[in-house]
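Undergrad: input.cif is reproduced in full below (mmCIF, C-alpha atoms).
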```
data_entry
loop_
_atom_site.label_atom_id
_atom_site.label_comp_id
_atom_site.auth_asym_id
_atom_site.auth_seq_id
_atom_site.Cartn_x
_atom_site.Cartn_y
_atom_site.Cartn_z
CA MET A 1313 97.42 -37.21 -1.39
CA ASP A 1314 96.51 -39.54 -4.28
CA ASP A 1315 98.50 -42.79 -4.36
CA TYR A 1316 99.83 -42.13 -7.86
CA ARG A 1317 101.27 -38.80 -6.72
CA MET A 1318 103.01 -40.45 -3.76
CA ILE A 1319 104.59 -42.98 -6.12
CA ALA A 1320 105.61 -40.15 -8.48
CA ASP A 1321 107.16 -38.30 -5.53
CA GLY A 1322 109.27 -41.36 -4.76
CA LEU A 1323 110.46 -41.66 -8.34
CA ALA A 1324 111.19 -37.92 -8.41
CA ALA A 1325 113.35 -38.33 -5.31
CA ASP A 1326 115.21 -41.23 -6.95
CA ILE A 1327 115.83 -39.09 -10.04
CA ALA A 1328 117.07 -36.16 -7.93
CA ALA A 1329 119.41 -38.44 -5.97
CA GLY A 1330 120.80 -40.07 -9.11
CA ARG A 1331 119.41 -43.50 -8.31
CA ILE A 1332 117.52 -43.25 -11.61
CA ARG A 1333 119.90 -41.68 -14.08
CA PRO A 1334 119.27 -39.13 -16.87
CA GLY A 1335 118.36 -40.88 -20.10
CA GLU A 1336 117.34 -44.11 -18.33
CA GLN A 1337 114.26 -45.86 -19.67
CA LEU A 1338 111.48 -46.51 -17.19
CA PRO A 1339 109.89 -49.99 -17.23
CA PRO A 1340 106.82 -50.55 -19.42
CA GLN A 1341 103.72 -49.50 -17.53
CA ARG A 1342 102.35 -53.04 -17.14
CA ARG A 1343 105.65 -54.29 -15.71
CA PHE A 1344 105.90 -51.28 -13.40
CA ALA A 1345 102.34 -51.93 -12.22
CA ARG A 1346 103.10 -55.57 -11.43
CA ARG A 1347 106.24 -54.68 -9.48
CA ARG A 1348 104.39 -52.10 -7.41
CA GLY A 1349 101.21 -54.08 -6.98
CA ILE A 1350 99.10 -51.32 -8.50
CA ALA A 1351 96.64 -51.08 -11.37
CA THR A 1352 97.97 -50.39 -14.86
CA SER A 1353 95.82 -47.26 -14.97
CA THR A 1354 97.57 -46.01 -11.82
CA ALA A 1355 100.96 -46.69 -13.39
CA ALA A 1356 99.90 -44.66 -16.42
CA ARG A 1357 98.98 -41.76 -14.12
CA VAL A 1358 102.36 -41.99 -12.39
CA TYR A 1359 104.18 -41.71 -15.71
CA GLN A 1360 101.96 -38.84 -16.86
CA GLU A 1361 102.69 -37.05 -13.58
CA LEU A 1362 106.44 -37.39 -14.15
CA ILE A 1363 106.00 -36.03 -17.68
CA ARG A 1364 103.88 -33.16 -16.34
CA ARG A 1365 106.63 -32.26 -13.85
CA GLY A 1366 109.20 -32.23 -16.63
CA LEU A 1367 111.12 -35.18 -15.18
CA ALA A 1368 110.39 -37.64 -17.98
CA VAL A 1369 109.49 -37.66 -21.64
CA GLY A 1370 107.48 -40.17 -23.67
CA GLU A 1371 108.50 -41.15 -27.18
CA VAL A 1372 106.28 -42.84 -29.73
CA GLY A 1373 106.93 -46.57 -29.97
CA ARG A 1374 109.86 -46.44 -27.54
CA GLY A 1375 108.59 -45.80 -24.03
CA THR A 1376 109.16 -43.29 -21.25
CA PHE A 1377 112.60 -41.95 -20.35
CA VAL A 1378 114.08 -39.77 -17.62
CA ARG A 1379 114.94 -36.39 -19.07
CA ALA A 1380 118.60 -35.93 -19.84
CA ALA A 1381 118.41 -32.30 -18.75
CA PRO A 1382 116.02 -30.27 -16.61
CA PRO A 1383 113.21 -28.51 -18.50
CA ALA A 1384 113.81 -24.90 -19.48
CA ALA A 1385 112.33 -22.25 -17.20
CA GLU A 1386 110.55 -20.71 -20.19
CA PRO A 1387 108.47 -22.47 -22.86
CA ALA A 1388 110.47 -23.77 -25.80
CA LEU A 1389 111.18 -21.11 -28.42
CA ALA A 1390 110.04 -18.30 -26.12
CA GLU A 1391 113.38 -16.53 -25.69
CA PRO A 1392 116.76 -16.71 -27.41
CA GLY A 1393 119.13 -19.12 -25.69
CA ASP A 1394 122.76 -18.44 -24.87
CA ALA A 1395 124.12 -21.26 -27.04
CA ARG A 1396 126.96 -20.29 -29.37
CA VAL A 1397 125.07 -21.55 -32.44
CA ASP A 1398 121.31 -21.06 -32.35
CA LEU A 1399 119.45 -23.67 -34.41
CA GLU A 1400 116.37 -23.25 -32.21
CA LEU A 1401 114.91 -19.86 -33.16
CA ASN A 1402 114.11 -19.15 -36.79
CA PHE A 1403 114.77 -15.48 -37.53
CA ALA A 1404 116.91 -14.43 -40.47
CA VAL A 1405 118.47 -10.97 -40.57
CA LEU A 1406 120.54 -10.56 -43.72
CA PRO A 1407 123.62 -8.29 -43.67
CA GLU A 1408 122.16 -5.81 -46.16
CA GLN A 1409 118.85 -5.37 -44.32
CA PRO A 1410 119.69 -2.55 -41.88
CA ALA A 1411 120.80 -0.17 -44.64
CA LEU A 1412 117.74 -0.96 -46.75
CA LEU A 1413 115.33 -0.48 -43.86
CA ALA A 1414 117.01 2.72 -42.68
CA GLN A 1415 116.28 4.42 -45.99
CA GLY A 1416 112.56 3.91 -45.51
CA LEU A 1417 112.62 5.57 -42.09
CA GLU A 1418 114.05 8.88 -43.27
CA ARG A 1419 110.69 10.29 -44.35
CA LEU A 1420 109.00 9.17 -41.12
CA LEU A 1421 111.49 11.10 -39.02
CA ARG A 1422 110.40 14.46 -40.40
CA PRO A 1423 108.47 16.30 -37.66
CA ASP A 1424 105.21 16.44 -39.63
CA GLN A 1425 105.28 12.73 -40.45
CA LEU A 1426 106.45 11.72 -37.00
CA GLY A 1427 103.61 13.68 -35.42
CA ALA A 1428 101.07 11.71 -37.44
CA SER A 1429 102.77 8.42 -36.56
CA LEU A 1430 102.42 9.08 -32.83
CA ARG A 1431 98.62 9.10 -32.96
CA PRO A 1432 96.45 6.14 -31.85
CA MET A 1433 95.70 3.39 -34.35
CA THR A 1434 92.62 1.29 -35.07
CA ALA A 1435 92.63 -2.37 -36.04
CA ALA A 1436 91.92 -1.41 -39.64
CA GLY A 1437 94.99 0.80 -39.92
CA THR A 1438 94.92 3.20 -42.87
CA PRO A 1439 93.69 2.70 -46.44
CA THR A 1440 97.26 3.10 -47.71
CA ALA A 1441 98.52 0.47 -45.26
CA ARG A 1442 95.78 -1.98 -46.26
CA ARG A 1443 96.53 -1.62 -49.97
CA ALA A 1444 100.26 -2.05 -49.38
CA ALA A 1445 99.72 -5.08 -47.15
CA ALA A 1446 97.36 -6.71 -49.65
CA SER A 1447 100.04 -6.44 -52.32
CA LEU A 1448 102.75 -7.79 -50.01
CA LEU A 1449 100.68 -10.77 -48.82
CA ALA A 1450 99.54 -11.75 -52.33
CA ARG A 1451 100.60 -15.12 -53.66
CA THR A 1452 100.01 -16.84 -56.97
CA GLY A 1453 96.25 -17.10 -57.46
CA TRP A 1454 95.32 -15.11 -54.35
CA GLU A 1455 95.33 -11.56 -53.06
CA PRO A 1456 93.46 -10.47 -49.93
CA ASP A 1457 90.72 -7.85 -50.10
CA PRO A 1458 92.18 -4.64 -48.59
CA ARG A 1459 88.78 -3.82 -47.10
CA HIS A 1460 89.06 -6.84 -44.82
CA LEU A 1461 92.66 -6.56 -43.68
CA LEU A 1462 93.39 -5.91 -40.00
CA PHE A 1463 96.63 -5.24 -38.14
CA ALA A 1464 97.97 -6.58 -34.84
CA GLY A 1465 101.07 -5.83 -32.83
CA SER A 1466 102.63 -9.15 -33.89
CA GLY A 1467 101.86 -12.44 -35.59
CA ARG A 1468 101.35 -14.06 -32.17
CA GLN A 1469 98.82 -11.40 -31.25
CA ALA A 1470 97.07 -11.89 -34.57
CA ILE A 1471 96.73 -15.61 -33.82
CA ALA A 1472 95.46 -14.83 -30.32
CA ALA A 1473 92.85 -12.40 -31.69
CA ALA A 1474 91.62 -14.91 -34.26
CA ILE A 1475 91.29 -17.65 -31.63
CA ALA A 1476 89.59 -15.29 -29.18
CA ALA A 1477 87.09 -14.20 -31.83
CA LEU A 1478 86.18 -17.73 -32.90
CA VAL A 1479 86.56 -19.96 -29.84
CA PRO A 1480 84.84 -19.03 -26.55
CA PRO A 1481 86.51 -20.09 -23.27
CA GLY A 1482 85.92 -23.76 -22.58
CA GLU A 1483 85.37 -24.64 -26.24
CA ARG A 1484 87.60 -26.65 -28.60
CA LEU A 1485 90.12 -25.63 -31.25
CA GLY A 1486 91.46 -28.28 -33.62
CA VAL A 1487 95.22 -28.24 -34.26
CA GLU A 1488 97.69 -30.49 -36.03
CA THR A 1489 99.33 -33.06 -33.74
CA LEU A 1490 102.60 -31.14 -34.11
CA THR A 1491 102.09 -27.41 -34.10
CA TYR A 1492 103.57 -23.99 -33.38
CA PRO A 1493 104.45 -24.19 -29.65
CA LEU A 1494 103.13 -20.76 -28.69
CA VAL A 1495 99.63 -21.72 -29.79
CA LYS A 1496 99.55 -23.99 -26.75
CA GLY A 1497 100.29 -21.06 -24.45
CA ILE A 1498 97.76 -18.82 -26.19
CA ALA A 1499 95.06 -21.47 -25.83
CA THR A 1500 95.82 -21.91 -22.14
CA ARG A 1501 95.53 -18.18 -21.45
CA LEU A 1502 92.26 -17.98 -23.38
CA GLY A 1503 90.79 -21.08 -21.70
CA VAL A 1504 90.57 -22.94 -25.00
CA THR A 1505 90.95 -26.73 -25.26
CA LEU A 1506 93.21 -27.96 -28.06
CA VAL A 1507 92.17 -31.11 -29.93
CA PRO A 1508 95.05 -32.79 -31.81
CA LEU A 1509 94.25 -33.82 -35.39
CA ALA A 1510 96.24 -36.61 -37.03
CA MET A 1511 98.68 -35.95 -39.85
CA ASP A 1512 100.55 -37.97 -42.45
CA ASP A 1513 103.50 -37.15 -44.67
CA ASP A 1514 101.35 -34.68 -46.63
CA GLY A 1515 100.01 -32.83 -43.58
CA LEU A 1516 96.64 -32.64 -41.84
CA LEU A 1517 94.33 -35.57 -42.63
CA PRO A 1518 90.84 -34.48 -43.74
CA ALA A 1519 89.47 -37.68 -42.19
CA ALA A 1520 90.83 -36.58 -38.80
CA LEU A 1521 89.04 -33.25 -39.08
CA ALA A 1522 85.85 -34.96 -40.21
CA ALA A 1523 85.92 -37.39 -37.25
CA ALA A 1524 86.87 -34.81 -34.60
CA PRO A 1525 84.49 -33.86 -31.78
CA PRO A 1526 82.63 -30.58 -32.32
CA LEU A 1527 85.16 -27.80 -32.92
CA ARG A 1528 84.69 -24.05 -33.08
CA ALA A 1529 87.63 -23.66 -35.48
CA VAL A 1530 90.86 -25.26 -36.65
CA TYR A 1531 94.36 -23.76 -36.61
CA LEU A 1532 96.72 -25.11 -39.24
CA GLN A 1533 99.85 -24.35 -41.26
CA PRO A 1534 99.26 -25.50 -44.85
CA THR A 1535 102.47 -24.05 -46.31
CA LEU A 1536 105.95 -24.93 -44.95
CA HIS A 1537 104.51 -26.38 -41.78
CA ASN A 1538 106.40 -25.68 -38.57
CA PRO A 1539 108.11 -27.96 -37.55
CA LEU A 1540 107.73 -30.52 -40.36
CA GLY A 1541 108.40 -28.22 -43.32
CA ILE A 1542 105.72 -29.91 -45.45
CA THR A 1543 103.19 -28.20 -47.73
CA LEU A 1544 99.68 -29.54 -48.27
CA PRO A 1545 99.18 -30.88 -51.82
CA ASP A 1546 96.52 -29.21 -53.94
CA ALA A 1547 94.14 -32.17 -53.71
CA ARG A 1548 94.41 -32.21 -49.91
CA ARG A 1549 93.70 -28.47 -49.79
CA ALA A 1550 90.61 -28.87 -51.95
CA GLU A 1551 89.35 -31.66 -49.70
CA LEU A 1552 89.89 -29.58 -46.55
CA ALA A 1553 88.24 -26.52 -48.12
CA ALA A 1554 85.16 -28.58 -48.96
CA LEU A 1555 85.13 -30.01 -45.44
CA LEU A 1556 85.21 -26.54 -43.88
CA ASP A 1557 82.10 -25.63 -45.87
CA GLN A 1558 80.43 -28.91 -45.00
CA LYS A 1559 81.09 -28.50 -41.27
CA ASP A 1560 80.34 -24.75 -41.29
CA MET A 1561 83.75 -24.19 -39.67
CA TYR A 1562 86.45 -21.54 -39.91
CA ALA A 1563 90.18 -22.15 -40.30
CA ILE A 1564 92.89 -19.96 -38.83
CA GLU A 1565 95.58 -20.32 -41.48
CA ASP A 1566 99.08 -19.47 -40.31
CA GLY A 1567 100.85 -18.13 -43.39
CA ILE A 1568 103.97 -16.96 -41.62
CA TYR A 1569 106.32 -18.84 -43.96
CA GLY A 1570 104.21 -18.36 -47.09
CA PHE A 1571 106.53 -15.67 -48.45
CA LEU A 1572 109.15 -18.40 -49.02
CA ARG A 1573 106.70 -20.20 -51.35
CA PRO A 1574 104.93 -17.39 -53.26
CA ASP A 1575 103.96 -19.95 -55.90
CA GLN A 1576 101.67 -21.69 -53.40
CA PRO A 1577 98.31 -19.99 -52.80
CA PRO A 1578 96.88 -20.27 -49.29
CA LEU A 1579 93.95 -22.46 -48.35
CA ALA A 1580 91.95 -19.22 -48.32
CA ALA A 1581 92.11 -19.17 -52.12
CA LEU A 1582 89.88 -22.28 -52.14
CA ALA A 1583 87.83 -21.34 -49.06
CA PRO A 1584 87.66 -17.53 -49.13
CA GLY A 1585 84.73 -17.36 -46.75
CA ARG A 1586 86.13 -19.92 -44.34
CA ALA A 1587 89.79 -19.03 -43.74
CA ILE A 1588 91.48 -16.25 -41.77
CA VAL A 1589 95.05 -15.83 -43.02
CA VAL A 1590 97.47 -14.73 -40.30
CA ASP A 1591 100.89 -13.35 -41.22
CA SER A 1592 103.65 -11.16 -39.79
CA LEU A 1593 106.69 -9.07 -40.63
CA SER A 1594 108.89 -10.93 -38.12
CA LYS A 1595 109.93 -13.71 -40.51
CA ARG A 1596 109.70 -11.61 -43.67
CA LEU A 1597 111.88 -8.80 -42.32
CA ALA A 1598 113.30 -9.15 -38.79
CA PRO A 1599 112.32 -10.34 -35.30
CA GLY A 1600 112.20 -6.77 -34.00
CA LEU A 1601 109.56 -5.86 -36.61
CA THR A 1602 106.52 -7.67 -35.32
CA LEU A 1603 103.56 -6.16 -37.14
CA GLY A 1604 100.84 -8.80 -37.62
CA PHE A 1605 98.29 -9.13 -40.42
CA LEU A 1606 94.87 -10.77 -40.55
CA ALA A 1607 93.11 -11.27 -43.88
CA THR A 1608 89.55 -12.02 -42.82
CA PRO A 1609 86.28 -13.14 -44.40
CA ALA A 1610 83.95 -10.16 -44.68
CA GLU A 1611 81.53 -11.46 -42.05
CA LEU A 1612 84.30 -11.81 -39.45
CA THR A 1613 86.15 -8.51 -39.90
CA ALA A 1614 84.23 -6.58 -37.25
CA LYS A 1615 84.34 -9.47 -34.78
CA ILE A 1616 88.09 -9.89 -35.08
CA ALA A 1617 88.64 -6.14 -34.86
CA THR A 1618 86.74 -6.20 -31.57
CA ALA A 1619 88.96 -9.04 -30.32
CA LEU A 1620 92.07 -7.04 -31.24
CA ARG A 1621 90.85 -4.04 -29.29
CA SER A 1622 89.68 -5.96 -26.23
CA GLY A 1623 92.89 -7.98 -26.09
CA THR A 1624 95.01 -4.81 -26.45
CA TRP A 1625 96.63 -6.45 -29.47
CA LEU A 1626 96.50 -3.44 -31.79
CA ALA A 1627 99.52 -2.39 -33.84
CA SER A 1628 101.27 0.88 -33.05
CA ARG A 1629 100.87 3.66 -35.60
CA PHE A 1630 104.62 4.17 -35.98
CA ALA A 1631 105.23 0.47 -36.69
CA LEU A 1632 102.40 0.46 -39.22
CA ASP A 1633 103.63 3.62 -40.97
CA ALA A 1634 107.19 2.26 -41.15
CA ALA A 1635 105.95 -1.06 -42.53
CA THR A 1636 103.74 0.74 -45.04
CA GLN A 1637 106.76 2.62 -46.34
CA TRP A 1638 108.79 -0.59 -46.71
CA MET A 1639 105.88 -2.41 -48.35
CA SER A 1640 105.18 0.47 -50.75
CA ASP A 1641 108.71 1.29 -51.88
CA GLY A 1642 109.71 -2.31 -52.62
CA THR A 1643 112.09 -2.73 -49.66
CA ALA A 1644 110.06 -5.58 -48.13
CA ALA A 1645 109.79 -7.39 -51.46
CA GLU A 1646 113.55 -7.04 -52.05
CA ILE A 1647 114.32 -8.54 -48.63
CA GLU A 1648 111.86 -11.38 -49.26
CA ARG A 1649 113.60 -12.26 -52.54
CA ALA A 1650 116.99 -12.25 -50.80
CA LYS A 1651 115.66 -14.50 -48.04
CA ARG A 1652 114.29 -17.00 -50.54
CA GLN A 1653 117.75 -17.28 -52.05
CA ASP A 1654 119.32 -17.50 -48.59
CA ALA A 1655 116.94 -20.26 -47.48
CA ALA A 1656 117.72 -22.29 -50.61
CA VAL A 1657 121.47 -22.02 -49.93
CA ARG A 1658 121.00 -23.16 -46.33
CA GLN A 1659 118.88 -26.12 -47.38
CA ARG A 1660 121.59 -27.22 -49.82
CA ILE A 1661 124.17 -27.02 -47.03
CA THR A 1662 121.91 -29.05 -44.76
CA ALA A 1663 121.26 -31.71 -47.39
CA GLU A 1664 125.00 -32.08 -47.92
CA ARG A 1665 126.09 -32.13 -44.27
CA LEU A 1666 123.28 -34.43 -43.09
CA ALA A 1667 123.35 -36.77 -46.09
CA GLY A 1668 122.41 -40.30 -45.10
CA PHE A 1669 120.14 -39.27 -42.23
CA ARG A 1670 116.34 -39.12 -42.27
CA VAL A 1671 115.83 -35.40 -42.77
CA ARG A 1672 112.55 -33.96 -44.00
CA ALA A 1673 112.81 -30.51 -45.58
CA ASP A 1674 111.34 -28.35 -48.30
CA PRO A 1675 114.04 -26.75 -50.47
CA ALA A 1676 112.40 -23.37 -49.80
CA ALA A 1677 112.10 -23.65 -46.01
CA TYR A 1678 114.21 -22.13 -43.26
CA HIS A 1679 113.93 -25.26 -41.09
CA CYS A 1680 114.07 -29.03 -41.32
CA TRP A 1681 112.84 -32.05 -39.34
CA TRP A 1682 115.43 -34.67 -38.38
CA GLU A 1683 114.27 -38.16 -37.35
CA LEU A 1684 117.12 -39.26 -35.13
CA PRO A 1685 118.88 -42.60 -35.57
CA GLU A 1686 119.00 -45.28 -32.90
CA PRO A 1687 120.01 -45.31 -30.10
CA TRP A 1688 119.56 -41.55 -29.78
CA ARG A 1689 116.49 -40.05 -28.18
CA ALA A 1690 115.44 -36.45 -28.77
CA GLU A 1691 115.90 -35.18 -25.22
CA THR A 1692 119.35 -36.77 -24.87
CA PHE A 1693 120.44 -35.47 -28.27
CA VAL A 1694 119.31 -31.93 -27.43
CA ALA A 1695 121.30 -32.03 -24.20
CA ALA A 1696 124.39 -33.45 -25.92
CA ALA A 1697 124.17 -30.79 -28.65
CA ALA A 1698 123.90 -28.06 -26.01
CA ARG A 1699 127.13 -29.32 -24.44
CA ARG A 1700 128.77 -28.59 -27.79
CA GLY A 1701 127.31 -25.09 -27.93
CA ILE A 1702 124.44 -25.83 -30.33
CA SER A 1703 120.77 -25.36 -29.45
CA VAL A 1704 118.11 -27.41 -31.25
CA THR A 1705 114.46 -28.09 -30.47
CA PRO A 1706 113.07 -31.52 -29.49
CA ALA A 1707 109.87 -32.80 -31.05
CA GLY A 1708 108.14 -32.64 -27.67
CA ALA A 1709 108.08 -28.83 -27.86
CA PHE A 1710 105.66 -29.08 -30.79
CA ALA A 1711 103.50 -31.96 -29.56
CA ILE A 1712 100.00 -31.38 -28.22
CA GLY A 1713 99.69 -32.67 -24.67
CA PRO A 1714 102.33 -34.18 -22.41
CA GLY A 1715 102.30 -37.63 -23.97
CA HIS A 1716 104.43 -39.28 -26.61
CA ALA A 1717 106.34 -37.26 -29.20
CA PRO A 1718 108.28 -38.45 -32.26
CA ASN A 1719 111.97 -39.16 -31.81
CA ALA A 1720 113.04 -36.11 -33.79
CA VAL A 1721 114.38 -32.58 -33.56
CA ARG A 1722 113.72 -29.43 -35.53
CA LEU A 1723 116.68 -27.48 -36.85
CA ALA A 1724 116.11 -23.78 -37.51
CA LEU A 1725 118.61 -22.82 -40.19
CA SER A 1726 118.25 -19.06 -40.51
CA ALA A 1727 120.13 -17.47 -37.61
CA PRO A 1728 123.85 -18.37 -37.83
CA PRO A 1729 126.18 -17.31 -40.65
CA THR A 1730 126.48 -20.03 -43.27
CA ASP A 1731 129.99 -21.03 -42.19
CA ALA A 1732 128.80 -21.42 -38.59
CA LEU A 1733 125.78 -23.38 -39.81
CA THR A 1734 128.02 -25.71 -41.81
CA HIS A 1735 130.26 -26.36 -38.82
CA ALA A 1736 127.31 -26.89 -36.47
CA LEU A 1737 125.72 -29.42 -38.83
CA ASP A 1738 129.03 -31.28 -39.08
CA VAL A 1739 129.19 -31.44 -35.28
CA LEU A 1740 125.60 -32.70 -35.06
CA ALA A 1741 126.18 -35.30 -37.78
CA GLU A 1742 129.26 -36.61 -35.97
CA LEU A 1743 127.26 -36.71 -32.74
CA ALA A 1744 124.41 -38.65 -34.39
CA ARG A 1745 126.78 -41.21 -35.90
CA GLY A 1746 127.97 -42.10 -32.43
CA THR A 1747 126.03 -43.11 -29.34
CA PRO A 1748 124.92 -41.33 -26.18
CA GLU A 1749 127.70 -43.19 -24.35
CA ASP A 1750 130.27 -41.76 -26.78
CA ALA A 1751 128.87 -38.32 -26.03
CA GLY A 1752 129.22 -38.72 -22.29
CA TRP A 1753 125.65 -39.79 -21.47
CA ASP A 1754 126.61 -43.20 -20.13
#
```
Let me see the file written as structure tokens.
TA:
Amino acid sequence: MDDYRMIADGLAADIAAGRIRPGEQLPPQRRFARRRGIATSTAARVYQELIRRGLAVGEVGRGTFVRAAPPAAEPALAEPGDARVDLELNFAVLPEQPALLAQGLERLLRPDQLGASLRPMTAAGTPTARRAAASLLARTGWEPDPRHLLFAGSGRQAIAAAIAALVPPGERLGVETLTYPLVKGIATRLGVTLVPLAMDDDGLLPAALAAAPPLRAVYLQPTLHNPLGITLPDARRAELAALLDQKDMYAIEDGIYGFLRPDQPPLAALAPGRAIVVDSLSKRLAPGLTLGFLATPAELTAKIATALRSGTWLASRFALDAATQWMSDGTAAEIERAKRQDAAVRQRITAERLAGFRVRADPAAYHCWWELPEPWRAETFVAAAARRGISVTPAGAFAIGPGHAPNAVRLALSAPPTDALTHALDVLAELARGTPEDAGWD
């Protein structure tokens, strides 16, 4: 066995026995190397091995710490938790939705209509579905061409199909340094290597994309980025669009939250031949309605359709027919408008309850990014919040690779009723004003 793994085994045993306590900071790598009489590079491998095993976490500018709680059995955000207040998963279901959606299903339940909806479906769906989806997905200054719209079983499957079509196994996909966690799992299953691209307060840096090693494509979230909630400024979008043309590269543009900012056209409006816009009903309507959309450049439509078929990622005919009804009769648009109002209310509550903290949020978003105050660390804060019945997501869930992550958490604001959200934010604010020792992590 490699020496670094033997050293990591010893540290793991110390952690399990309580000799190294949850939340404890490990020595700087150079100091650890001197104490052990090993090379600094070996010490770095030891720490990376502990991070890989889920026993430690690295934080930018602070060091490496023993996790305050064991890692979850499933990837972050994969399944709903059992916390009393869920600020981890971002799915809004408004009280009036079920009645509105039920009305649209009445026609589909007639025997003649139901018979048609039980037939197989192609990636291209039906002409009626494509026209309805093009209208639903349209934003100021942009509307997709119905001829080049495809349908997947979910937004996740749409992302997987786009990656599979553009990035062969073993090749590279560029992603923002903080990104949608499930993209990491999709890339692993497809054998694709993710290359993190630096960001600033405005989003992805064009210079980072320009300086990156050869990439087959780039996945990004230009509007209401998850988890940061930022939206690329127009000048940044124009620069990235020009760079895509210059590098002869395609972008997979995740527009899942775009319906909350209909005033903001997608990157595809500036780079129509270079961007695949991926979207879904899950955020627009409800988590149980997972129809995915892909608005593709003309030259990629057939290739992505093939990826959808080969990956068994096609939408079901019944789901597509139901969605077409809701998109055509105005139900989907009505729910979208209600959710935009709901998100604005929740952001105002958040701004009030977390006043004085470093919180980054767009007034239209359903989530926010909270840079935690000293002496809190993200992993310890998540564990302390869970003890109080509140689930939040640490920055490490969004970071590419097992290394350092910002000392921050994402709060998903959409799931609890507003009174429960208000109370949960008050609890978290009180927690953050204290110390880990006050919270029982001494």
Undergrad: Do a neighbour search on Ser1594 in chain A at 9 Å with all atoms listed in the file, toss out local chain neighbours closer than 3 positions, and write the hits as a PDB file with C-alpha atoms, in the coordinates of the input.
TA:
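And here's around27.pdb as it stands now:
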```pdb
ATOM      1  CA  PHE A1403     114.770 -15.480 -37.530  1.00  0.00           C
ATOM      2  CA  SER A1466     102.630  -9.150 -33.890  1.00  0.00           C
ATOM      3  CA  GLY A1467     101.860 -12.440 -35.590  1.00  0.00           C
ATOM      4  CA  ILE A1568     103.970 -16.960 -41.620  1.00  0.00           C
ATOM      5  CA  ASP A1591     100.890 -13.350 -41.220  1.00  0.00           C
ATOM      6  CA  LEU A1597     111.880  -8.800 -42.320  1.00  0.00           C
ATOM      7  CA  ALA A1598     113.300  -9.150 -38.790  1.00  0.00           C
ATOM      8  CA  PRO A1599     112.320 -10.340 -35.300  1.00  0.00           C
ATOM      9  CA  GLY A1600     112.200  -6.770 -34.000  1.00  0.00           C
ATOM     10  CA  LEU A1601     109.560  -5.860 -36.610  1.00  0.00           C
ATOM     11  CA  THR A1602     106.520  -7.670 -35.320  1.00  0.00           C
ATOM     12  CA  LEU A1603     103.560  -6.160 -37.140  1.00  0.00           C
ATOM     13  CA  GLY A1604     100.840  -8.800 -37.620  1.00  0.00           C
TER      14      GLY A1604
END
```
Undergrad: Starting from the PyMOL selection byres ((chain A and resi 1730) around 12), expand the selection into actual residues of this file and give them as JSON, numbers by chain.
TA: {"A": [1397, 1399, 1404, 1406, 1654, 1655, 1656, 1657, 1658, 1659, 1660, 1661, 1662, 1725, 1726, 1727, 1728, 1729, 1731, 1732, 1733, 1734, 1735, 1736, 1737]}
Undergrad: Residues within 7 Å of range 1529-1538 of chain A, please, as a VMD selection string. Count only C-alpha atoms; anything in the same chain fewer than 3 positions from it doesn't count.
TA: chain A and resid 1478 to 1479 1485 to 1488 1491 to 1492 1541 to 1544 1561 to 1567 1569 to 1570 1677
Undergrad: Using all atoms listed in the file, which of the listed residues (A:Thr1500, A:Arg1573, A:Leu1612, A:Arg1333) sits closest to Ala1676 in chain A?
TA: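 Looking at the shortest contact to Ala1676 in chain A, the residue is A:Arg1573.
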Undergrad: Within 9 Å of (103.0, -43.4, -12.0) (coordinates as in the file), grab all the protein and nucleic acid residues, counting only C-alpha atoms, and write them out as a PyMOL selection string.
TA: chain A and resi 1315-1320+1323+1341+1344-1345+1353-1362
Undergrad: Could you please give me, as a list in words, the residues of protein, DNA or RNA lying at most 12 Å from (114.7, -40.6, -46.4) in the coordinate frame of the file, considering all atoms listed in the file?
TA: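 Residues satisfying the cut-off, written out: Asp1513, Ala1663, Leu1666, Ala1667, Gly1668, Phe1669, Arg1670, Val1671, Arg1672, Ala1673, Trp1681, Trp1682, Glu1683, Leu1684 and Pro1685 of chain A.
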Undergrad: Expand the PyMOL selection byres ((chain A and resi 1519) around 12) into the individual residues it matches in the shown file, reporting them as a list in words.
TA: Leu1509, Ala1510, Met1511, Asp1512, Gly1515, Leu1516, Leu1517, Pro1518, Ala1520, Leu1521, Ala1522, Ala1523, Ala1524, Arg1548, Glu1551, Leu1552 and Leu1555 of chain A
Undergrad: Apply the PyMOL selection byres ((chain A and resi 1441) around 9) to the file shown and report the selected residues as a list in words.
TA: Ala1436, Gly1437, Thr1438, Pro1439, Thr1440, Arg1442, Arg1443, Ala1444, Ala1445, Ala1446, Pro1458, Leu1632, Asp1633, Ala1635, Thr1636, Gln1637, Met1639 and Ser1640 of chain A
Undergrad: Choose the residue, out of A:Thr1434, A:Gln1337, A:Thr1618, A:Thr1376, that has the smallest atom-to-atom separation from Ala1476 in chain A; count all atoms listed in the file.
TA: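 Ranked by minimum distance to Ala1476 in chain A, first place goes to A:Thr1618.
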Undergrad: Mind giving me the straight-line distance from CA of Asp1398 in chain A to CA of Arg1365 in chain A in Å, one decimal?
TA: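 Distance between the two atoms: 26.1 Å.
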Undergrad: My list of candidates is A:Glu1418, A:Glu1664, A:Asp1457, A:Glu1648. Which is closest to Ala1607 in chain A when distances are computed with all atoms listed in the file?
TA: A:Asp1457
Undergrad: Rounded to one decimal in Å, what is the spacing between CA of Arg1346 in chain A and CA of Val1378 in chain A?
TA: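 Atom-to-atom, CA of Arg1346 in chain A to CA of Val1378 in chain A, that is 20.2 Å.
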Undergrad: To one decimal place in Å, what is the distance between CA of Arg1343 in chain A and CA of Glu1691 in chain A?
TA: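 That distance, rounded to one decimal, is 23.7 Å.
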